[in-house]
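**Student:** Pasting a structure here, questions to come.
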Amino acid sequence: MRVLDPDARRDLSWDRYVRLNAAAQEMIRLVPPGTKILDVGGYDGALALFLPGYEVDLIDPATTGASLLHEPAADKSYEIAVSIDVLEHITPEDRDAALKELARVARRFVILNYPCRETKEAQELMLKLTNNALLREHVQWELPDTEWVLKTMTGLGFGVEHRAHASLGLWLGQYLSLNLVPDSASLLNRYLVEHHAEEPFSTPLYHLVVCKR
């Protein structure tokens with residue numbers, strides 16, 4: 001098991017911190033330490049910073065060479081399969097297959113996080129301002145439809161619940177600084193993580209979906 005420094009969480013961008021922390025708190029609520037978790041598309045594996053004492057395996061095409069649709073794991077080989085801000089970066093025609101794969105490898109739980117469709121106008125504006133390649137996928141492929149996600153996971157044998165979280169308004173300024181003035185953004189992000197991780201919102205940024213067999 002990797003030895004991780006939880007203090008490194010404060011060096012994450014605010015948007016990564018809030019989505020990873022929200023998902024991790026659900027996992028801590030659901031299963032005890034030592035549980036085997038699959039982090040699908042987690043890039044550098046930062047989710048594990050929030051889960052000391054848990055066994056977290058990572059697959060990500062950019063860092064491990066594996067991906068959800070091209071790295072078969074045994075059926076129900078993980079207690080939890082978690083995919084945080086990944087579904088919106090899968091082409092719409094492959095999203096059904098992606099959810100089926102998560103359901104296949106998860107013994108009990110699937111946890112998903114992705115930007116709300118209500119953020120479409122803000123995503124389009126931020127793409128115009130930053131030309132960020134990840135946001136281009138948000139806009140061109142459209143963000144996941146939560147009603148469709150819930151219906152699909154129910155059809156795969158899960159009970160589902162979901163909640164909205166994080167502030168879209170705060171994200172706009174934070175993400176703009178991250179892309180346009182990255183040298184200053186690190187100080188801003190640390191301040192936001194330390195003081196505004198639980199900021200109230202009028203329009204939410206993310207949907208967190210918890211699926212249980």
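In the structure tokens, chains take the letters A, B, ... in the order shown, each chain's residues start at 1, and ligands count up from 1 in the order shown.
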Could you go through range 143-206 of chain A and tell me which residues DSSP, when run on the backbone, assigns to strand (DSSP E), listing them as a PyMOL selection string?
**Tutor:** chain A and resi 159-167+204-206
**Student:** Dump C-alpha atoms for the selected residues as a compact mmCIF listing (two decimals), in the first residue's frame?
**Tutor:**
# COMPACT_ATOMS: atom_id res chain seq x y z
CA GLY A 159 -30.42 1.33 -6.01
CA VAL A 160 -29.38 4.91 -6.74
CA GLU A 161 -29.27 8.24 -4.97
CA HIS A 162 -27.69 11.48 -6.04
CA ARG A 163 -27.00 14.97 -4.83
CA ALA A 164 -25.75 18.23 -6.28
CA HIS A 165 -22.69 19.90 -4.77
CA ALA A 166 -20.06 22.64 -5.20
CA SER A 167 -20.50 26.21 -6.40
CA PRO A 204 -24.51 23.48 -8.48
CA LEU A 205 -21.35 22.47 -10.31
CA TYR A 206 -21.45 18.67 -9.90
**Student:** Need to verify the contact set: Arg104 in chain A, 10 Å, only C-alpha atoms, exclusion of same-chain residues closer than 5 positions in sequence. Can you return it as a list in words?
**Tutor:**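 My list of contacting residues is Pro72, Ala73, Ala74, Asp75, Lys76, Ser77, Tyr78, Ala81, Ala98, Leu99, Val110 and Leu156 of chain A.
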**Student:** Can you work out the spacing between CA of Leu125 in chain A and CA of Leu176 in chain A in Å, to one decimal?
**Tutor:** 10.3 Å
**Student:** Could you give me, as a list in words, the residues within 8 Å of range 145-151 of chain A, counting only C-alpha atoms and dropping anything in the same chain fewer than 4 positions from it?
**Tutor:**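 Once the nearby chain positions are removed, what remains is Cys116, Arg117, Gly155, Val160, Glu161, His207 and Val209 of chain A.
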**Student:** Name all residues at most 12 Å from Arg136 in chain A (count only C-alpha atoms; drop same-chain ones fewer than 3 positions away) and give them as a PDB file with N, CA and C atoms, in the first residue's frame.
**Tutor:**
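The new file out-v3.pdb reads:
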ATOM      1  N   GLU A  88     -18.099  12.383 -18.684  1.00  0.00           N
ATOM      2  CA  GLU A  88     -18.268  13.451 -19.673  1.00  0.00           C
ATOM      3  C   GLU A  88     -17.152  13.473 -20.710  1.00  0.00           C
ATOM      4  N   HIS A  89     -16.063  12.723 -20.461  1.00  0.00           N
ATOM      5  CA  HIS A  89     -14.952  12.635 -21.412  1.00  0.00           C
ATOM      6  C   HIS A  89     -14.981  11.336 -22.211  1.00  0.00           C
ATOM      7  N   LYS A 120     -24.151  24.117 -18.565  1.00  0.00           N
ATOM      8  CA  LYS A 120     -23.793  24.171 -19.988  1.00  0.00           C
ATOM      9  C   LYS A 120     -23.363  25.567 -20.437  1.00  0.00           C
ATOM     10  N   GLN A 123     -20.013  26.406 -19.073  1.00  0.00           N
ATOM     11  CA  GLN A 123     -18.965  25.611 -19.731  1.00  0.00           C
ATOM     12  C   GLN A 123     -18.624  26.205 -21.094  1.00  0.00           C
ATOM     13  N   GLU A 124     -19.650  26.631 -21.827  1.00  0.00           N
ATOM     14  CA  GLU A 124     -19.419  27.233 -23.146  1.00  0.00           C
ATOM     15  C   GLU A 124     -18.638  28.537 -23.017  1.00  0.00           C
ATOM     16  N   LEU A 125     -18.984  29.350 -22.026  1.00  0.00           N
ATOM     17  CA  LEU A 125     -18.267  30.599 -21.796  1.00  0.00           C
ATOM     18  C   LEU A 125     -16.814  30.330 -21.439  1.00  0.00           C
ATOM     19  N   MET A 126     -16.580  29.366 -20.547  1.00  0.00           N
ATOM     20  CA  MET A 126     -15.217  29.089 -20.115  1.00  0.00           C
ATOM     21  C   MET A 126     -14.375  28.511 -21.251  1.00  0.00           C
ATOM     22  N   LEU A 127     -15.003  27.728 -22.120  1.00  0.00           N
ATOM     23  CA  LEU A 127     -14.281  27.233 -23.297  1.00  0.00           C
ATOM     24  C   LEU A 127     -13.860  28.394 -24.189  1.00  0.00           C
ATOM     25  N   LYS A 128     -14.761  29.353 -24.385  1.00  0.00           N
ATOM     26  CA  LYS A 128     -14.452  30.527 -25.206  1.00  0.00           C
ATOM     27  C   LYS A 128     -13.297  31.316 -24.605  1.00  0.00           C
ATOM     28  N   LEU A 129     -13.238  31.415 -23.297  1.00  0.00           N
ATOM     29  CA  LEU A 129     -12.216  32.216 -22.631  1.00  0.00           C
ATOM     30  C   LEU A 129     -10.873  31.510 -22.513  1.00  0.00           C
ATOM     31  N   THR A 130     -10.880  30.172 -22.427  1.00  0.00           N
ATOM     32  CA  THR A 130      -9.643  29.437 -22.141  1.00  0.00           C
ATOM     33  C   THR A 130      -9.186  28.506 -23.253  1.00  0.00           C
ATOM     34  N   ASN A 131     -10.117  28.095 -24.124  1.00  0.00           N
ATOM     35  CA  ASN A 131      -9.818  27.109 -25.169  1.00  0.00           C
ATOM     36  C   ASN A 131      -9.265  25.816 -24.569  1.00  0.00           C
ATOM     37  N   ASN A 132      -9.738  25.459 -23.399  1.00  0.00           N
ATOM     38  CA  ASN A 132      -9.272  24.258 -22.711  1.00  0.00           C
ATOM     39  C   ASN A 132      -9.802  23.007 -23.397  1.00  0.00           C
ATOM     40  N   ALA A 133      -8.907  22.048 -23.672  1.00  0.00           N
ATOM     41  CA  ALA A 133      -9.283  20.854 -24.429  1.00  0.00           C
ATOM     42  C   ALA A 133     -10.296  19.994 -23.682  1.00  0.00           C
ATOM     43  N   VAL A 139     -18.399  20.454 -23.954  1.00  0.00           N
ATOM     44  CA  VAL A 139     -19.325  21.197 -24.813  1.00  0.00           C
ATOM     45  C   VAL A 139     -19.714  20.381 -26.042  1.00  0.00           C
ATOM     46  N   GLN A 140     -18.755  19.787 -26.723  1.00  0.00           N
ATOM     47  CA  GLN A 140     -19.035  19.086 -27.975  1.00  0.00           C
ATOM     48  C   GLN A 140     -19.772  17.770 -27.740  1.00  0.00           C
ATOM     49  N   TRP A 141     -19.454  17.072 -26.661  1.00  0.00           N
ATOM     50  CA  TRP A 141     -20.088  15.778 -26.394  1.00  0.00           C
ATOM     51  C   TRP A 141     -21.287  15.886 -25.473  1.00  0.00           C
ATOM     52  N   GLU A 142     -21.504  17.031 -24.900  1.00  0.00           N
ATOM     53  CA  GLU A 142     -22.571  17.288 -23.926  1.00  0.00           C
ATOM     54  C   GLU A 142     -22.307  16.554 -22.613  1.00  0.00           C
ATOM     55  N   LEU A 143     -22.764  17.169 -21.573  1.00  0.00           N
ATOM     56  CA  LEU A 143     -22.573  16.597 -20.243  1.00  0.00           C
ATOM     57  C   LEU A 143     -23.594  15.484 -20.010  1.00  0.00           C
TER      58      LEU A 143
END
**Student:** Neighbouring residues of range 22-35 of chain A were defined as those with any atom within 6 Å, considering only C-alpha atoms; residues of the same chain fewer than 4 positions away were excluded. Please report them as an mmCIF file with C-alpha atoms, in the first residue's frame.
**Tutor:**
data_model
loop_
_atom_site.group_PDB
_atom_site.id
_atom_site.type_symbol
_atom_site.label_atom_id
_atom_site.label_comp_id
_atom_site.auth_asym_id
_atom_site.auth_seq_id
_atom_site.Cartn_x
_atom_site.Cartn_y
_atom_site.Cartn_z
ATOM 1 C CA GLY A 53 -6.010 2.933 4.934
ATOM 2 C CA TYR A 54 -7.954 1.851 1.852
ATOM 3 C CA GLU A 55 -6.579 -0.234 -1.016
#
**Student:** Could you tell me, as a list in words, which residues of range 2-81 of chain A DSSP assigns to alpha helix (DSSP H) when given the backbone?
**Tutor:**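 Answer for range 2-81 of chain A, restricted to alpha helix (DSSP H): Trp14, Asp15, Arg16, Tyr17, Val18, Arg19, Leu20, Asn21, Ala22, Ala23, Ala24, Gln25, Glu26, Met27, Ile28, Arg29 and Leu30 of chain A.
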**Student:** What does the distance from CA of Val40 in chain A to CA of Leu102 in chain A come to in Å, to one decimal?
**Tutor:**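 Atom-to-atom, CA of Val40 in chain A and CA of Leu102 in chain A are spaced 8.6 Å apart.
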**Student:** What is the CA of Leu187 in chain A to CA of Asp11 in chain A distance in Å?
**Tutor:** 8.8 Å
**Student:** Which residue out of A:Val18, A:Leu12, A:Leu178, A:Leu69 has the minimum interatomic distance to Asp94 in chain A when only C-alpha atoms are used?
**Tutor:**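 For Asp94 in chain A, the nearest of the given residues is A:Leu69.
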**Student:** With a distance cut-off of 12 Å and only C-alpha atoms, select the neighbouring residues of Thr63 in chain A, excluding the residue or stretch itself and same-chain residues fewer than 6 positions from it, and output the selection as a ChimeraX atom specification.
**Tutor:** /A:40-45
**Student:** Let me see the file: selected residues, C-alpha atoms, as a short mmCIF file (atom, residue, chain, number, x, y, z; two decimals), in the first residue's frame.
**Tutor:**
data_model
loop_
_atom_site.label_atom_id
_atom_site.label_comp_id
_atom_site.auth_asym_id
_atom_site.auth_seq_id
_atom_site.Cartn_x
_atom_site.Cartn_y
_atom_site.Cartn_z
CA VAL A 40 -11.29 4.63 -12.91
CA GLY A 41 -9.81 7.54 -14.84
CA GLY A 42 -8.23 9.15 -11.77
CA TYR A 43 -5.15 10.38 -13.67
CA ASP A 44 -2.51 10.66 -10.92
CA GLY A 45 -4.43 8.72 -8.28
#
**Student:** Restricting the calculation to only C-alpha atoms: of A:Ala97, A:Val210, A:Leu188, A:Leu38, which residue gets closest to Leu170 in chain A?
**Tutor:** A:Leu188
**Student:** Point out the residue among A:Leu58, A:Ile80, A:Leu208, A:Val193 with the least atom-to-atom distance to Arg16 in chain A, counting only C-alpha atoms.
**Tutor:**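 Comparing A:Leu58, A:Ile80, A:Leu208, A:Val193 against Arg16 in chain A, the winner is A:Val193.
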